[in-house]
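Remarks on the structure that follows.
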Amino acid sequence: MSKAITLLVALAGALSFMPAAQAQDAVAGEKKAASCIGCHGIPGYQASFPEVHRVPMISGQNAKYIVASLQAYKKGERRHPTMRGIAITLTDTDMADLAAFYEKHGASMIKPVAETPAAQPTPEVAALLAKGACATCHGVNYNKPIDPGYPKIAGQHADYLYVALRAYTVTGNAKVGRSNAIMAAQVKQFKPAELKAMAQYIGSLPGELRTVPQSRFR
């Protein structure tokens with residue numbers, strides 16, 4: 001546990017030295033979101049790669065995290081053909097604008113989230129979450145991460161969380177996987193069934209993430 005926390009603290013320090021994003025323009029971001037709407041703007045929409053799962057909710061997500069994710073897809077640190085195909089077309093300014101838009105998107109739909117989880121996990125799941133030190137970065141309620149470079153994960157689709165966690169265990173695959181030493185070290189401690197149990201609990205919690213229906217004809 002102490003080794004895991006040391007790694008997480010080191011990553012938090014590294015994030016504080018990340019270069020600031022370009023000036024954000026949410027209005028410009030809305031105009032640039034056409035390539036996002038087809039998946040992230042349809043409630044219940046499912047992707048089929050690398051397996052069937054609901055695409056993540058990004059309305060209400062931290063802008064800094066959205067930018068970091070898009071940069072990771074563009075650099076190939078996150079391997080996903082569709083997302084990489086989109087990310088490589090975006091400039092730093094495009095990413096910042098899109099992130100600014102989605103961070104505030106659907107704000108009127110958001111209800112206050114309690115500082116502590118609305119429902120406590122079973123003792124078995126609580127032990128898994130403690131082993132993974134999940135609250136250390138994502139916050140006790142999994143909706144208030146210690147740095148906006150980390151994602152809000154409370155209420156995120158459980159099947160997506162499970163697929164995302166498993167991606168950190170994949171190596172040597174050009175199309176699937178995520179390269180992040182900290183997350184990989186955490187996730188590889190667990191069996192698939194344990195990752196699924198954690199994902200289901202976190203996904204069951206109230207959070208600020210939403211899928212806000214959007215029309216391509218705006």
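Every chain in the structure tokens has a letter given in the order shown (A, B, ...), and although residue numbers restart at 1 in each chain, ligands are simply numbered from 1 in the order shown.
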
Quiz item: Excluding same-chain residues fewer than 3 positions from region 82-91 of chain A, what lies within 7 Å of it counting only C-alpha atoms, as a list in words?
Solution: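 Selected residues are Leu70, Tyr73, Lys74, Asp94 and Met95 of chain A.
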
Same residues, N, CA and C atoms, saved as a PDB file, in the first residue's frame:
```pdb
ATOM      1  N   LEU A  70      -7.206  13.408 -24.659  1.00  0.00           N
ATOM      2  CA  LEU A  70      -7.074  13.617 -26.105  1.00  0.00           C
ATOM      3  C   LEU A  70      -5.610  13.626 -26.525  1.00  0.00           C
ATOM      4  N   TYR A  73      -4.394  10.038 -26.669  1.00  0.00           N
ATOM      5  CA  TYR A  73      -4.824   9.347 -27.885  1.00  0.00           C
ATOM      6  C   TYR A  73      -3.992   9.812 -29.078  1.00  0.00           C
ATOM      7  N   LYS A  74      -3.727  11.098 -29.144  1.00  0.00           N
ATOM      8  CA  LYS A  74      -2.961  11.644 -30.264  1.00  0.00           C
ATOM      9  C   LYS A  74      -1.531  11.104 -30.278  1.00  0.00           C
ATOM     10  N   ASP A  94      -7.857  23.333 -30.175  1.00  0.00           N
ATOM     11  CA  ASP A  94      -9.091  22.577 -30.371  1.00  0.00           C
ATOM     12  C   ASP A  94      -9.411  21.749 -29.125  1.00  0.00           C
ATOM     13  N   MET A  95      -8.412  21.074 -28.610  1.00  0.00           N
ATOM     14  CA  MET A  95      -8.615  20.232 -27.432  1.00  0.00           C
ATOM     15  C   MET A  95      -9.062  21.061 -26.238  1.00  0.00           C
TER      16      MET A  95
END
```

Distance table requested - region 22-140 of chain A against region 161-171 of chain A, cut-off 12 Å, only C-alpha atoms: one row per qualifying residue with the closest atom pair and its distance in Å to one decimal, ordered by chain and rising residue number, as CSV.
```
residue,atom,partner,partner_atom,distance
A:Ala47,CA,A:Val163,CA,11.1
A:Ser48,CA,A:Val163,CA,11.2
A:Phe49,CA,A:Val163,CA,9.8
A:Pro50,CA,A:Val163,CA,8.3
A:Glu51,CA,A:Val163,CA,7.9
A:Val52,CA,A:Val163,CA,9.2
A:His53,CA,A:Val163,CA,7.6
A:Arg54,CA,A:Leu161,CA,9.5
A:Val55,CA,A:Leu161,CA,9.7
A:Pro56,CA,A:Leu161,CA,8.2
A:Met57,CA,A:Leu161,CA,10.7
A:Glu77,CA,A:Tyr168,CA,10.5
A:Arg78,CA,A:Ala167,CA,8.7
A:Arg79,CA,A:Ala167,CA,8.8
A:His80,CA,A:Ala167,CA,10.0
A:Gly132,CA,A:Leu165,CA,11.6
A:Cys134,CA,A:Leu165,CA,11.9
```

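Relative to CA of Pro213 (chain A), CA of Ile110 (chain A) is found at 14.7 Å.
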
Quiz item: Looking at A:Thr116, A:Lys196, A:Tyr150, A:Asn143, which one is nearest to Met183 (chain A), with distances taken over only C-alpha atoms?
Solution: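 Among the listed residues, the smallest separation from Met183 (chain A) belongs to A:Tyr150.
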
Quiz item: DSSP on the backbone: what in region 59-213 of chain A comes out strand (DSSP E or B), as a list of chain:residue names?
Solution: A:Ser59, A:Arg78, A:Arg79, A:Gly177, A:Arg178, A:Arg210

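Between CA of Gln24 (chain A) and CA of Gly106 (chain A) the interatomic distance comes to 17.6 Å.
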
Quiz prompt | All alpha helix (DSSP H) positions in region 108-205 of chain A, as JSON, numbers by chain | solution = {"A": [123, 124, 125, 126, 127, 128, 129, 130, 131, 132, 134, 135, 136, 137, 138, 158, 159, 160, 161, 162, 163, 164, 165, 166, 167, 181, 182, 183, 184, 185, 186, 187, 192, 193, 194, 195, 196, 197, 198, 199, 200, 201, 202, 203, 204]}

Practice problem: Please identify all polymer residues within 9 Å of Tyr102 (chain A), counting only C-alpha atoms, omitting same-chain residues fewer than 5 positions from it, and present them as a PyMOL selection string. | Solution: chain A and resi 26+29-30+58-63+66+97

Could those residues be written to a file, using N, CA and C atoms, as a PDB file, in the first residue's frame?
```
ATOM      1  N   ALA A  26     -15.259  27.919 -24.627  1.00  0.00           N
ATOM      2  CA  ALA A  26     -16.333  26.936 -24.650  1.00  0.00           C
ATOM      3  C   ALA A  26     -17.266  27.131 -25.836  1.00  0.00           C
ATOM      4  N   GLY A  29     -15.627  25.627 -28.643  1.00  0.00           N
ATOM      5  CA  GLY A  29     -15.641  24.182 -28.456  1.00  0.00           C
ATOM      6  C   GLY A  29     -16.941  23.550 -28.891  1.00  0.00           C
ATOM      7  N   GLU A  30     -18.042  24.225 -28.636  1.00  0.00           N
ATOM      8  CA  GLU A  30     -19.342  23.697 -29.060  1.00  0.00           C
ATOM      9  C   GLU A  30     -19.405  23.569 -30.578  1.00  0.00           C
ATOM     10  N   ILE A  58     -19.037  12.359 -20.932  1.00  0.00           N
ATOM     11  CA  ILE A  58     -17.986  13.370 -20.826  1.00  0.00           C
ATOM     12  C   ILE A  58     -18.525  14.750 -20.480  1.00  0.00           C
ATOM     13  N   SER A  59     -19.826  14.961 -20.566  1.00  0.00           N
ATOM     14  CA  SER A  59     -20.384  16.239 -20.137  1.00  0.00           C
ATOM     15  C   SER A  59     -20.265  16.326 -18.618  1.00  0.00           C
ATOM     16  N   GLY A  60     -19.616  17.391 -18.136  1.00  0.00           N
ATOM     17  CA  GLY A  60     -19.377  17.550 -16.712  1.00  0.00           C
ATOM     18  C   GLY A  60     -18.014  17.058 -16.255  1.00  0.00           C
ATOM     19  N   GLN A  61     -17.238  16.489 -17.164  1.00  0.00           N
ATOM     20  CA  GLN A  61     -15.909  15.985 -16.820  1.00  0.00           C
ATOM     21  C   GLN A  61     -14.918  17.140 -16.713  1.00  0.00           C
ATOM     22  N   ASN A  62     -13.862  16.944 -15.952  1.00  0.00           N
ATOM     23  CA  ASN A  62     -12.840  17.977 -15.786  1.00  0.00           C
ATOM     24  C   ASN A  62     -12.168  18.294 -17.114  1.00  0.00           C
ATOM     25  N   ALA A  63     -12.063  19.579 -17.432  1.00  0.00           N
ATOM     26  CA  ALA A  63     -11.466  19.995 -18.699  1.00  0.00           C
ATOM     27  C   ALA A  63     -10.010  19.547 -18.808  1.00  0.00           C
ATOM     28  N   ILE A  66      -9.897  15.973 -19.815  1.00  0.00           N
ATOM     29  CA  ILE A  66     -10.292  15.761 -21.206  1.00  0.00           C
ATOM     30  C   ILE A  66      -9.126  16.082 -22.135  1.00  0.00           C
ATOM     31  N   ASP A  97     -10.560  23.962 -26.267  1.00  0.00           N
ATOM     32  CA  ASP A  97     -11.910  24.491 -26.504  1.00  0.00           C
ATOM     33  C   ASP A  97     -12.964  23.410 -26.262  1.00  0.00           C
TER      34      ASP A  97
END
```

Region 97-204 of chain A residues near region 32-39 of chain A within 12 Å, closest pair each, using only C-alpha atoms, as JSON lines:
```
{"residue": "A:Asp97", "atom": "CA", "partner": "A:Lys32", "partner_atom": "CA", "distance": 8.0}
{"residue": "A:Leu98", "atom": "CA", "partner": "A:Ala33", "partner_atom": "CA", "distance": 6.6}
{"residue": "A:Ala99", "atom": "CA", "partner": "A:Ala33", "partner_atom": "CA", "distance": 9.9}
{"residue": "A:Ala100", "atom": "CA", "partner": "A:Ala33", "partner_atom": "CA", "distance": 11.2}
{"residue": "A:Phe101", "atom": "CA", "partner": "A:Ala33", "partner_atom": "CA", "distance": 8.7}
{"residue": "A:Tyr102", "atom": "CA", "partner": "A:Ala33", "partner_atom": "CA", "distance": 9.1}
{"residue": "A:His105", "atom": "CA", "partner": "A:Ala33", "partner_atom": "CA", "distance": 11.5}
```

Can you write just those residues out, N, CA and C atoms, as a tab-separated table (two decimals), in the first residue's frame?
```tsv
chain	number	residue	atom	x	y	z
A	97	ASP	N	-10.56	23.96	-26.27
A	97	ASP	CA	-11.91	24.49	-26.50
A	97	ASP	C	-12.96	23.41	-26.26
A	98	LEU	N	-12.73	22.22	-26.79
A	98	LEU	CA	-13.67	21.11	-26.58
A	98	LEU	C	-13.79	20.78	-25.09
A	99	ALA	N	-12.67	20.77	-24.41
A	99	ALA	CA	-12.67	20.46	-22.98
A	99	ALA	C	-13.45	21.50	-22.20
A	100	ALA	N	-13.28	22.77	-22.55
A	100	ALA	CA	-14.00	23.85	-21.87
A	100	ALA	C	-15.50	23.70	-22.08
A	101	PHE	N	-15.88	23.33	-23.29
A	101	PHE	CA	-17.30	23.14	-23.60
A	101	PHE	C	-17.89	21.99	-22.80
A	102	TYR	N	-17.24	20.84	-22.83
A	102	TYR	CA	-17.81	19.67	-22.17
A	102	TYR	C	-17.77	19.76	-20.65
A	105	HIS	N	-20.92	21.57	-20.02
A	105	HIS	CA	-22.08	21.09	-20.76
A	105	HIS	C	-23.03	20.32	-19.83
```

Quiz prompt | Contacts of Ala68 (chain A) within 8 Å, only C-alpha atoms, excl. fewer than 4 positions in-chain, as a ChimeraX atom specification | solution = /A:64,72,149

Saved selection, atoms kept: N, CA and C atoms, as a compact mmCIF listing (two decimals), in the first residue's frame:
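And here is the file that came out, again08.txt:
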```txt
# COMPACT_ATOMS: atom_id res chain seq x y z
N LYS A 64 -9.27 19.66 -17.73
CA LYS A 64 -7.85 19.28 -17.76
C LYS A 64 -7.69 17.81 -18.09
N ALA A 72 -3.24 12.02 -25.05
CA ALA A 72 -2.76 10.63 -24.95
C ALA A 72 -3.18 9.82 -26.17
N GLY A 149 -6.62 17.05 -13.35
CA GLY A 149 -6.03 16.19 -14.37
C GLY A 149 -6.47 14.74 -14.21
```

Quiz item: Which residues come within 12 Å of Glu124 (chain A), counting only C-alpha atoms, excluding same-chain residues fewer than 6 positions away, as an NGL selection string?
Solution: :A and (130-131 or 193-194 or 197-198 or 201)

Self-check item: For CA of Gln71 (chain A) and CA of Ala107 (chain A), the interatomic separation in Å (one decimal)
Solution: 24.7 Å

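Residue nearest Ala158 (chain A) within the list A:Ala181, A:Cys137, A:Leu195, A:Leu128: A:Leu195 [criterion: smallest interatomic distance, only C-alpha atoms].
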
Quiz prompt | Nearest candidate to Val140 (chain A) (options A:Gly76, A:Gly41, A:Pro117, A:Gly155; using only C-alpha atoms) | solution =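 With only C-alpha atoms as the atom set, the closest residue is A:Pro117.
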